[in-house]
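Visitor: Here you go, run39.cif (mmCIF, C-alpha atoms and all ligand atoms):
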data_run
#
loop_
_atom_site.label_atom_id
_atom_site.label_comp_id
_atom_site.auth_asym_id
_atom_site.auth_seq_id
_atom_site.Cartn_x
_atom_site.Cartn_y
_atom_site.Cartn_z
CA MET K 976 -101.59 -32.83 118.04
CA SER K 977 -99.63 -30.21 116.06
CA ALA K 978 -96.42 -31.14 114.30
CA ASN K 979 -93.12 -30.10 115.85
CA THR K 980 -91.21 -29.47 112.66
CA SER K 981 -87.87 -29.19 114.51
CA THR K 982 -88.01 -33.00 114.74
CA ARG K 983 -85.37 -34.40 112.36
CA ILE K 984 -86.84 -37.01 110.05
CA GLY K 985 -84.90 -39.64 108.10
CA PHE K 986 -86.41 -41.35 105.06
CA ILE K 987 -84.93 -44.46 103.40
CA GLY K 988 -86.41 -45.95 100.22
CA LEU K 989 -87.51 -43.39 97.63
CA GLY K 990 -89.34 -45.51 95.06
CA ILE K 991 -92.91 -45.21 93.78
CA MET K 992 -94.33 -44.83 97.29
CA GLY K 993 -91.44 -43.43 99.34
CA ARG K 994 -90.67 -40.49 97.06
CA SER K 995 -94.19 -39.05 97.38
CA MET K 996 -94.39 -39.81 101.11
CA ALA K 997 -91.03 -38.15 101.84
CA GLY K 998 -92.10 -35.19 99.70
CA HIS K 999 -95.10 -34.54 101.98
CA ILE K 1000 -92.82 -34.49 105.03
CA LEU K 1001 -90.58 -31.94 103.35
CA THR K 1002 -93.60 -29.85 102.33
CA ALA K 1003 -94.70 -29.84 105.99
CA GLY K 1004 -91.44 -28.09 106.91
CA TYR K 1005 -89.52 -30.90 108.60
CA ARG K 1006 -85.75 -31.28 108.25
CA LEU K 1007 -85.36 -34.38 106.11
CA ASN K 1008 -82.39 -36.74 105.74
CA VAL K 1009 -82.65 -39.19 102.85
CA TYR K 1010 -81.00 -42.33 101.49
CA ASN K 1011 -81.88 -44.70 98.64
CA ARG K 1012 -80.01 -47.59 97.01
CA SER K 1013 -80.01 -45.75 93.67
CA ARG K 1014 -78.99 -42.20 94.45
CA ASP K 1015 -80.70 -40.55 91.48
CA LYS K 1016 -84.13 -41.19 93.04
CA ALA K 1017 -83.18 -38.71 95.80
CA ASP K 1018 -82.23 -35.89 93.39
CA GLU K 1019 -85.61 -34.17 93.36
CA LEU K 1020 -85.94 -34.20 97.17
CA VAL K 1021 -82.35 -32.99 97.63
CA ALA K 1022 -83.05 -30.15 95.16
CA ARG K 1023 -86.01 -29.24 97.40
CA GLY K 1024 -83.81 -29.07 100.53
CA ALA K 1025 -83.44 -32.64 101.84
CA THR K 1026 -79.97 -33.75 102.99
CA TRP K 1027 -78.41 -36.80 101.32
CA CYS K 1028 -76.78 -39.36 103.68
CA ASP K 1029 -74.37 -42.04 102.43
CA THR K 1030 -75.78 -45.01 104.40
CA PRO K 1031 -78.95 -46.02 106.31
CA GLY K 1032 -76.85 -45.81 109.51
CA ASP K 1033 -75.93 -42.19 108.70
CA VAL K 1034 -79.63 -41.36 108.29
CA ALA K 1035 -80.36 -42.89 111.70
CA ALA K 1036 -77.51 -41.03 113.42
CA ALA K 1037 -78.83 -37.69 112.06
CA SER K 1038 -82.53 -38.23 112.81
CA ASP K 1039 -85.08 -38.37 115.65
CA ILE K 1040 -87.60 -40.35 113.59
CA VAL K 1041 -86.50 -42.75 110.84
CA ILE K 1042 -88.99 -43.93 108.20
CA THR K 1043 -88.26 -46.79 105.81
CA MET K 1044 -90.14 -47.78 102.64
CA VAL K 1045 -87.96 -50.35 100.86
CA GLY K 1046 -88.94 -53.42 98.83
CA PHE K 1047 -88.67 -56.83 100.48
CA PRO K 1048 -88.15 -58.25 104.00
CA HIS K 1049 -84.49 -58.96 103.18
CA ASP K 1050 -84.03 -55.23 102.40
CA VAL K 1051 -85.65 -54.34 105.72
CA GLU K 1052 -83.43 -56.81 107.60
CA GLN K 1053 -80.30 -55.48 105.93
CA ILE K 1054 -80.93 -51.78 106.58
CA TYR K 1055 -82.13 -52.26 110.18
CA LEU K 1056 -80.02 -55.09 111.53
CA GLY K 1057 -76.97 -55.01 109.26
CA GLU K 1058 -73.59 -53.86 110.50
CA ASN K 1059 -73.70 -50.08 110.96
CA GLY K 1060 -77.41 -50.22 110.13
CA ILE K 1061 -80.31 -48.20 111.49
CA VAL K 1062 -80.61 -49.93 114.88
CA ALA K 1063 -76.85 -49.84 115.50
CA ARG K 1064 -76.68 -46.10 114.83
CA ALA K 1065 -80.08 -44.94 116.14
CA ASN K 1066 -80.25 -42.22 118.77
CA ARG K 1067 -81.59 -43.02 122.25
CA GLY K 1068 -85.38 -42.45 122.25
CA ALA K 1069 -85.59 -42.41 118.46
CA VAL K 1070 -88.68 -43.84 116.75
CA LEU K 1071 -87.97 -46.15 113.81
CA ILE K 1072 -90.97 -46.67 111.53
CA ASP K 1073 -90.94 -49.41 108.88
CA MET K 1074 -93.67 -48.74 106.32
CA THR K 1075 -92.53 -51.49 103.92
CA THR K 1076 -94.92 -54.44 103.58
CA SER K 1077 -92.80 -57.02 105.39
CA SER K 1078 -92.96 -60.00 107.69
CA PRO K 1079 -94.66 -59.69 111.11
CA ALA K 1080 -91.94 -61.86 112.69
CA LEU K 1081 -89.21 -59.56 111.38
CA ALA K 1082 -91.08 -56.53 112.76
CA GLU K 1083 -91.11 -58.19 116.19
CA ARG K 1084 -87.37 -58.94 115.95
CA ILE K 1085 -86.50 -55.37 115.00
CA ALA K 1086 -88.65 -54.00 117.84
CA ALA K 1087 -86.80 -56.25 120.31
CA GLU K 1088 -83.38 -55.13 118.99
CA ALA K 1089 -84.46 -51.47 119.09
CA ASP K 1090 -85.59 -51.92 122.69
CA LYS K 1091 -82.08 -53.07 123.63
CA LYS K 1092 -80.79 -49.77 122.21
CA LYS K 1093 -83.40 -47.76 124.19
CA CYS K 1094 -85.24 -46.68 121.07
CA TYR K 1095 -88.55 -47.80 119.56
CA ALA K 1096 -89.35 -49.64 116.34
CA ILE K 1097 -92.92 -49.71 115.03
CA ASP K 1098 -94.31 -51.37 111.91
CA ALA K 1099 -96.61 -49.15 109.84
CA PRO K 1100 -97.38 -50.63 106.41
CA VAL K 1101 -99.80 -48.78 104.18
CA SER K 1102 -102.64 -49.24 101.72
CA GLY K 1103 -103.92 -46.83 99.07
CA GLY K 1104 -101.44 -47.39 96.27
CA ASP K 1105 -99.40 -44.88 94.31
CA VAL K 1106 -102.47 -42.60 94.21
CA GLY K 1107 -102.85 -42.67 98.01
CA ALA K 1108 -99.14 -41.89 98.45
CA ARG K 1109 -99.31 -38.97 96.02
CA ASP K 1110 -102.45 -37.54 97.64
CA ALA K 1111 -101.29 -38.19 101.25
CA LYS K 1112 -104.40 -40.31 101.78
CA LEU K 1113 -102.87 -43.62 102.79
CA ALA K 1114 -104.41 -46.03 105.28
CA ILE K 1115 -101.61 -46.70 107.78
CA MET K 1116 -101.82 -49.78 110.03
CA VAL K 1117 -99.49 -49.64 113.00
CA GLY K 1118 -98.01 -52.17 115.41
CA GLY K 1119 -95.88 -51.19 118.37
CA ASP K 1120 -95.52 -49.27 121.59
CA PRO K 1121 -98.42 -46.80 122.19
CA ALA K 1122 -96.06 -44.00 123.34
CA ALA K 1123 -93.95 -44.41 120.19
CA PHE K 1124 -97.16 -44.37 118.13
CA GLU K 1125 -98.16 -41.04 119.71
CA LYS K 1126 -94.71 -39.62 118.92
CA ALA K 1127 -94.93 -40.81 115.31
CA LEU K 1128 -98.54 -39.72 114.75
CA PRO K 1129 -97.97 -36.08 113.62
CA VAL K 1130 -95.53 -37.33 110.98
CA LEU K 1131 -97.77 -40.20 109.87
CA GLN K 1132 -100.61 -37.68 109.50
CA ARG K 1133 -98.60 -36.00 106.76
CA MET K 1134 -98.88 -39.18 104.67
CA GLY K 1135 -102.20 -40.73 105.54
CA THR K 1136 -105.78 -40.12 106.61
CA SER K 1137 -106.63 -43.40 108.35
CA ILE K 1138 -103.98 -44.17 110.97
CA VAL K 1139 -104.81 -46.92 113.44
CA LEU K 1140 -102.77 -48.62 116.16
CA GLN K 1141 -103.60 -52.32 115.79
CA GLY K 1142 -101.60 -53.77 118.69
CA GLY K 1143 -98.01 -54.61 119.58
CA ALA K 1144 -95.03 -55.12 117.25
CA GLY K 1145 -96.06 -57.07 114.14
CA ALA K 1146 -99.78 -56.19 114.40
CA GLY K 1147 -99.46 -53.58 111.63
CA GLN K 1148 -97.96 -56.17 109.29
CA HIS K 1149 -100.63 -58.74 110.19
CA THR K 1150 -103.32 -56.13 109.41
CA LYS K 1151 -101.65 -55.41 106.07
CA MET K 1152 -101.83 -59.16 105.32
CA CYS K 1153 -105.63 -58.97 105.91
CA ASN K 1154 -105.65 -56.18 103.31
CA GLN K 1155 -103.60 -58.15 100.78
CA ILE K 1156 -105.76 -61.25 101.28
CA VAL K 1157 -108.86 -59.20 100.42
CA ILE K 1158 -107.13 -57.70 97.37
CA ALA K 1159 -105.91 -61.10 96.08
CA SER K 1160 -109.40 -62.35 95.30
CA THR K 1161 -110.73 -58.88 94.41
CA ILE K 1162 -108.22 -58.27 91.61
CA MET K 1163 -108.94 -61.74 90.19
CA GLY K 1164 -112.65 -60.85 90.21
CA VAL K 1165 -112.00 -57.51 88.49
CA CYS K 1166 -109.96 -59.17 85.72
CA GLU K 1167 -112.50 -61.96 85.25
CA GLY K 1168 -115.42 -59.49 85.07
CA LEU K 1169 -113.67 -57.32 82.49
CA ALA K 1170 -112.48 -60.36 80.47
CA TYR K 1171 -116.08 -61.60 80.41
CA GLY K 1172 -117.40 -58.18 79.33
CA LYS K 1173 -114.85 -57.97 76.54
CA ARG K 1174 -115.64 -61.48 75.26
CA ALA K 1175 -119.38 -60.62 75.36
CA GLY K 1176 -118.67 -57.71 73.02
CA LEU K 1177 -119.52 -54.97 75.53
CA ASP K 1178 -117.89 -51.53 75.67
CA LEU K 1179 -115.80 -51.80 78.84
CA ASP K 1180 -115.85 -48.03 79.52
CA THR K 1181 -119.64 -48.24 79.55
CA VAL K 1182 -119.57 -51.39 81.68
CA LEU K 1183 -117.40 -49.56 84.23
CA LYS K 1184 -119.88 -46.66 84.34
CA SER K 1185 -122.47 -49.14 85.64
CA ILE K 1186 -120.56 -51.58 87.78
CA GLY K 1187 -118.06 -48.98 89.09
CA GLY K 1188 -120.96 -47.23 90.82
CA GLY K 1189 -122.56 -50.35 92.28
CA ALA K 1190 -121.72 -52.92 94.92
CA ALA K 1191 -118.56 -54.05 93.09
CA SER K 1192 -116.96 -50.58 93.24
CA GLY K 1193 -113.61 -49.96 94.91
CA PHE K 1194 -109.96 -49.17 94.21
CA GLN K 1195 -109.26 -52.43 92.39
CA LEU K 1196 -112.20 -52.00 89.98
CA ASN K 1197 -112.37 -48.21 89.65
CA VAL K 1198 -108.65 -47.34 89.56
CA LEU K 1199 -107.01 -50.54 88.28
CA GLY K 1200 -109.99 -51.52 86.10
CA THR K 1201 -109.71 -48.13 84.35
CA ARG K 1202 -105.99 -48.76 83.74
CA ILE K 1203 -106.79 -52.23 82.32
CA ILE K 1204 -109.32 -50.75 79.89
CA LYS K 1205 -106.75 -48.16 78.76
CA GLY K 1206 -104.14 -50.91 78.29
CA ASP K 1207 -101.97 -49.23 80.98
CA PHE K 1208 -100.01 -51.95 82.79
CA ALA K 1209 -97.33 -49.69 84.31
CA PRO K 1210 -96.72 -50.12 88.07
CA GLY K 1211 -98.61 -48.73 90.49
CA PHE K 1212 -97.90 -51.76 92.56
CA PHE K 1213 -95.32 -54.22 91.21
CA ILE K 1214 -96.41 -57.82 90.62
CA GLU K 1215 -93.15 -58.95 92.23
CA HIS K 1216 -94.10 -57.09 95.45
CA PHE K 1217 -97.55 -58.67 95.44
CA ILE K 1218 -96.02 -62.14 95.09
CA LYS K 1219 -93.87 -61.28 98.12
CA ASP K 1220 -96.97 -60.25 100.09
CA LEU K 1221 -98.97 -63.34 99.12
CA GLY K 1222 -96.02 -65.51 100.19
CA ILE K 1223 -95.94 -63.82 103.61
CA ALA K 1224 -99.71 -64.21 103.99
CA LEU K 1225 -99.62 -67.89 103.06
CA ALA K 1226 -96.69 -68.60 105.39
CA GLU K 1227 -98.42 -66.88 108.32
CA ALA K 1228 -101.75 -68.62 107.51
CA HIS K 1229 -99.94 -71.97 107.37
CA CYS K 1230 -98.60 -71.36 110.91
CA MET K 1231 -102.19 -70.66 112.01
CA GLN K 1232 -103.47 -73.78 110.15
CA LEU K 1233 -105.70 -71.57 108.02
CA ASP K 1234 -106.40 -72.50 104.40
CA LEU K 1235 -106.63 -69.54 101.98
CA PRO K 1236 -107.55 -70.96 98.54
CA GLY K 1237 -108.09 -67.51 96.97
CA VAL K 1238 -104.60 -66.37 97.97
CA SER K 1239 -103.04 -69.66 96.76
CA LEU K 1240 -104.67 -69.28 93.34
CA ALA K 1241 -103.70 -65.59 93.05
CA ARG K 1242 -100.08 -66.45 93.90
CA LYS K 1243 -100.02 -69.22 91.28
CA LEU K 1244 -101.39 -66.90 88.55
CA TYR K 1245 -99.02 -64.06 89.47
CA GLU K 1246 -96.02 -66.41 89.57
CA GLN K 1247 -96.91 -67.57 86.05
CA LEU K 1248 -97.01 -63.94 84.89
CA ALA K 1249 -93.68 -63.18 86.59
CA ALA K 1250 -92.14 -66.22 84.82
CA GLN K 1251 -93.34 -64.69 81.55
CA GLY K 1252 -91.47 -61.45 82.36
CA TYR K 1253 -94.29 -59.33 83.82
CA GLY K 1254 -92.91 -59.07 87.40
CA ARG K 1255 -92.20 -55.34 87.09
CA ASN K 1256 -95.67 -54.62 85.65
CA GLY K 1257 -98.51 -53.40 87.87
CA THR K 1258 -100.84 -55.94 89.48
CA GLN K 1259 -103.58 -55.03 86.95
CA ALA K 1260 -101.48 -56.94 84.37
CA LEU K 1261 -103.21 -60.06 85.74
CA PHE K 1262 -105.71 -59.24 82.97
CA LYS K 1263 -103.15 -60.60 80.48
CA HIS K 1264 -103.75 -64.08 81.93
CA TYR K 1265 -107.40 -63.92 80.83
CA GLU K 1266 -106.63 -62.46 77.42
CA LYS K 1267 -104.70 -65.53 76.26
P1 LIG C 1301 -90.13 -49.41 94.76
O1 LIG C 1301 -90.57 -48.40 93.76
O2 LIG C 1301 -89.31 -50.57 94.33
O3 LIG C 1301 -89.38 -48.64 95.94
C1 LIG C 1301 -88.54 -49.24 96.88
C2 LIG C 1301 -87.32 -48.34 97.00
O4 LIG C 1301 -86.51 -48.82 98.07
C3 LIG C 1301 -86.48 -48.35 95.73
O5 LIG C 1301 -86.19 -47.02 95.34
C4 LIG C 1301 -85.22 -49.11 96.15
O6 LIG C 1301 -84.03 -48.67 95.56
C5 LIG C 1301 -85.17 -48.82 97.64
N1 LIG C 1301 -84.44 -49.87 98.35
C6 LIG C 1301 -84.67 -51.20 98.29
N2 LIG C 1301 -83.77 -51.84 99.08
C7 LIG C 1301 -83.00 -50.88 99.61
C8 LIG C 1301 -81.91 -50.91 100.49
N3 LIG C 1301 -81.45 -52.08 100.97
N4 LIG C 1301 -81.33 -49.74 100.83
C9 LIG C 1301 -81.81 -48.58 100.33
N5 LIG C 1301 -82.83 -48.47 99.49
C10 LIG C 1301 -83.42 -49.63 99.14
O7 LIG C 1301 -91.42 -50.02 95.50
P2 LIG C 1301 -92.74 -49.25 96.02
O8 LIG C 1301 -93.84 -49.51 95.08
O9 LIG C 1301 -92.42 -47.88 96.45
O10 LIG C 1301 -93.07 -50.18 97.30
C11 LIG C 1301 -92.32 -50.10 98.49
C12 LIG C 1301 -92.95 -51.04 99.54
O11 LIG C 1301 -94.29 -50.61 99.79
C13 LIG C 1301 -93.02 -52.50 99.11
O12 LIG C 1301 -92.82 -53.32 100.21
C14 LIG C 1301 -94.44 -52.64 98.59
O13 LIG C 1301 -94.90 -53.96 98.70
C15 LIG C 1301 -95.18 -51.69 99.52
N6 LIG C 1301 -96.41 -51.08 98.98
C16 LIG C 1301 -96.47 -50.63 97.70
C17 LIG C 1301 -97.64 -50.04 97.23
C18 LIG C 1301 -97.77 -49.53 95.80
O14 LIG C 1301 -98.91 -49.34 95.36
N7 LIG C 1301 -96.70 -49.30 95.08
C19 LIG C 1301 -98.75 -49.90 98.08
C20 LIG C 1301 -98.64 -50.34 99.41
C21 LIG C 1301 -97.46 -50.93 99.84
P3 LIG C 1301 -83.75 -48.75 93.97
O15 LIG C 1301 -84.26 -47.44 93.46
O16 LIG C 1301 -82.29 -48.92 93.85
O17 LIG C 1301 -84.54 -49.94 93.47
#
Before we go any further, please render this structure as structure tokens.
Guide:
Amino acid sequence: MSANTSTRIGFIGLGIMGRSMAGHILTAGYRLNVYNRSRDKADELVARGATWCDTPGDVAAASDIVITMVGFPHDVEQIYLGENGIVARANRGAVLIDMTTSSPALAERIAAEADKKKCYAIDAPVSGGDVGARDAKLAIMVGGDPAAFEKALPVLQRMGTSIVLQGGAGAGQHTKMCNQIVIASTIMGVCEGLAYGKRAGLDLDTVLKSIGGGAASGFQLNVLGTRIIKGDFAPGFFIEHFIKDLGIALAEAHCMQLDLPGVSLARKLYEQLAAQGYGRNGTQALFKHYEK
């Protein structure tokens, strides 16, 4: 399906991920309305032709499709369901796409509120990290109405390469929890493997040349492992956001009476790091735990 670039797009949340994602939409020729809590993060996009709006509600009123990429579920709740928020000001038939990693139950609630306003809300969290956002190669996992998904698809294709409808409202967020559960134990394994290699006196660059091309390869080892070896603990993906995700996963698993010991341990280790002041570091800073 080709993109109809006369569609007006709104984008709220212009942090590490959102700024790159919104940039691709602008590059594709869409008219773009933007808002972010700290205005300076919109400067570059506004200089490239995006229109600044003063509130999330103003973005919604000026747009046919609204995309959000904020931090935490409470941010999502505030911008969607708050007074004069996105749902209150959305146009009839609009598609509202939350790409934040957030709670499945909240996604269902927003979809129900949007339905009352005769518009659609879909949840579409992503995987692929800061690199995937920059390269427009995100994996996008979607929950919601199939017709709204079809309407959103040309825009989502500007940001990602794997875009899959997983089911109804909330199914995108549940799928993202599967992703975070896999990552929780994987990043612990990466840090433990590299800590072991270091203690054994190996050259970690050389170690990565071998194990990064074998069965252990993947984003966590090849991208984050490389950052660990360079001593680069800048975010990428904030530890405080990962703690949020692990909390959502554990709460949902608890409701399903499912025990996830790997996730519980990862949350404990990351909470210890956050208490030591590393919450705004990237998740690869888990390596510091093993360096003690
Ligand atoms: P980030 O850099 O903190 O970006 C979030 C942006 O949203 C910030 O610029 C923030 O404003 C803005 N924001 C937060 N609450 C807002 C509100 N109520 N109204 C308006 N703007 C608001 O985080 P990020 O790394 O881009 O991550 C965004 C989301 O994607 C998170 O849920 C994260 O878990 C998820 N995610 C991240 C990655 C990754 O690798 N980074 C990968 C997949 C998914 P300020 O500038 O004022 O803080």
Visitor: Can you pull out every residue with an atom within 7 Å of ligand LIG 1301 (chain C)? Use all atoms listed in the file and format it as a ChimeraX atom specification.
Guide: /K:987-993,1010-1013,1016,1044-1047,1050-1051,1053-1054,1074-1077,1100-1105,1211-1213,1216-1217,1220
Visitor: So the first atom is atom CA of K:Cys1094 and the second is atom CA of K:Asn1066; what is the distance between them in Å, to one decimal place?
Guide: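 These atoms are spaced 7.1 Å apart.
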Visitor: Interatomic distance between atom CA of K:Lys1219 and atom CA of K:Asp1110?
Guide: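 One can read the atom CA of K:Lys1219 to atom CA of K:Asp1110 distance as 25.2 Å.
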Visitor: Excluding stretch 1144-1159 of chain K and its own-chain neighbours fewer than 2 positions away, which residues fall within 8 Å of it when counting all atoms listed in the file? Please give them as a VMD selection string.
Guide: chain K and resid 1076 to 1083 1086 1096 to 1102 1116 to 1120 1140 to 1142 1161 to 1163 1195 1220 to 1221 1223 to 1224 1237 to 1238 1241
Visitor: Box in all listed atoms of stretch 1029-1033 of chain K, axis-aligned, with 8 Å more on each side; write out centre and edge lengths in Å to one decimal as lines of an AutoDock Vina configuration file.
Guide:
center_x = -76.7
center_y = -44.0
center_z = 106.0
size_x = 20.6
size_y = 20.0
size_z = 23.1
Visitor: Quick one: everything within 9 Å of K:Gly1032, counting only C-alpha atoms, minus sequence neighbours fewer than 2 positions away in the same chain. Send it as a list of chain:residue names.
Guide: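 The contact residues come out as K:Cys1028, K:Asp1029, K:Thr1030, K:Val1034, K:Ala1035, K:Ala1036, K:Ala1037, K:Ile1054, K:Tyr1055, K:Glu1058, K:Asn1059, K:Gly1060, K:Ile1061, K:Val1062, K:Ala1063, K:Arg1064, K:Ala1065.
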Visitor: Generate the output file for the selected residues, C-alpha atoms, as a JSON list (two decimals), in the coordinates of the input.
Guide:
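What ended up in out20.json:
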[["chain", "number", "residue", "atom", "x", "y", "z"],
["K", 1028, "CYS", "CA", -76.78, -39.36, 103.68],
["K", 1029, "ASP", "CA", -74.37, -42.04, 102.43],
["K", 1030, "THR", "CA", -75.78, -45.01, 104.40],
["K", 1034, "VAL", "CA", -79.63, -41.36, 108.29],
["K", 1035, "ALA", "CA", -80.36, -42.89, 111.70],
["K", 1036, "ALA", "CA", -77.51, -41.03, 113.42],
["K", 1037, "ALA", "CA", -78.83, -37.69, 112.06],
["K", 1054, "ILE", "CA", -80.93, -51.78, 106.58],
["K", 1055, "TYR", "CA", -82.13, -52.26, 110.18],
["K", 1058, "GLU", "CA", -73.59, -53.86, 110.50],
["K", 1059, "ASN", "CA", -73.70, -50.08, 110.96],
["K", 1060, "GLY", "CA", -77.41, -50.22, 110.13],
["K", 1061, "ILE", "CA", -80.31, -48.20, 111.49],
["K", 1062, "VAL", "CA", -80.61, -49.93, 114.88],
["K", 1063, "ALA", "CA", -76.85, -49.84, 115.50],
["K", 1064, "ARG", "CA", -76.68, -46.10, 114.83],
["K", 1065, "ALA", "CA", -80.08, -44.94, 116.14]]
Visitor: For atom CA of K:Val1182 and atom CA of K:Ala1170, determine how far apart the two atoms are, in Å to one decimal place.
Guide: 11.5 Å
Visitor: So that I can check the surroundings of K:Asp1207, please list as a PyMOL selection string every protein, DNA and RNA residue that reaches within 9 Å of it, counting all atoms listed in the file and ignoring chain neighbours fewer than 3 positions away.
Guide: chain K and resi 1199+1201-1204+1210+1257+1259-1260
Visitor: Counting all atoms listed in the file, which of K:Ser1185, K:Gln1251, K:Gln1132, K:Ser1239 gets nearest to K:Ser1160?
Guide: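 Ranking K:Ser1185, K:Gln1251, K:Gln1132, K:Ser1239 by distance to K:Ser1160, first place goes to K:Ser1239.
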Visitor: Given all atoms listed in the file as the basis, pick out the residue of K:Arg1023, K:Lys1112, K:Arg1006, K:Lys1267 nearest to K:Thr1136.
Guide: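 Residue with the minimum atom-to-atom distance to K:Thr1136: K:Lys1112.
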Visitor: Within 10 Å of stretch 1171-1173 of chain K, counting all atoms listed in the file, which residues qualify if same-chain residues fewer than 6 places away don't, as a ChimeraX atom specification?
Guide: /K:1165,1179,1182-1183,1204,1265-1266
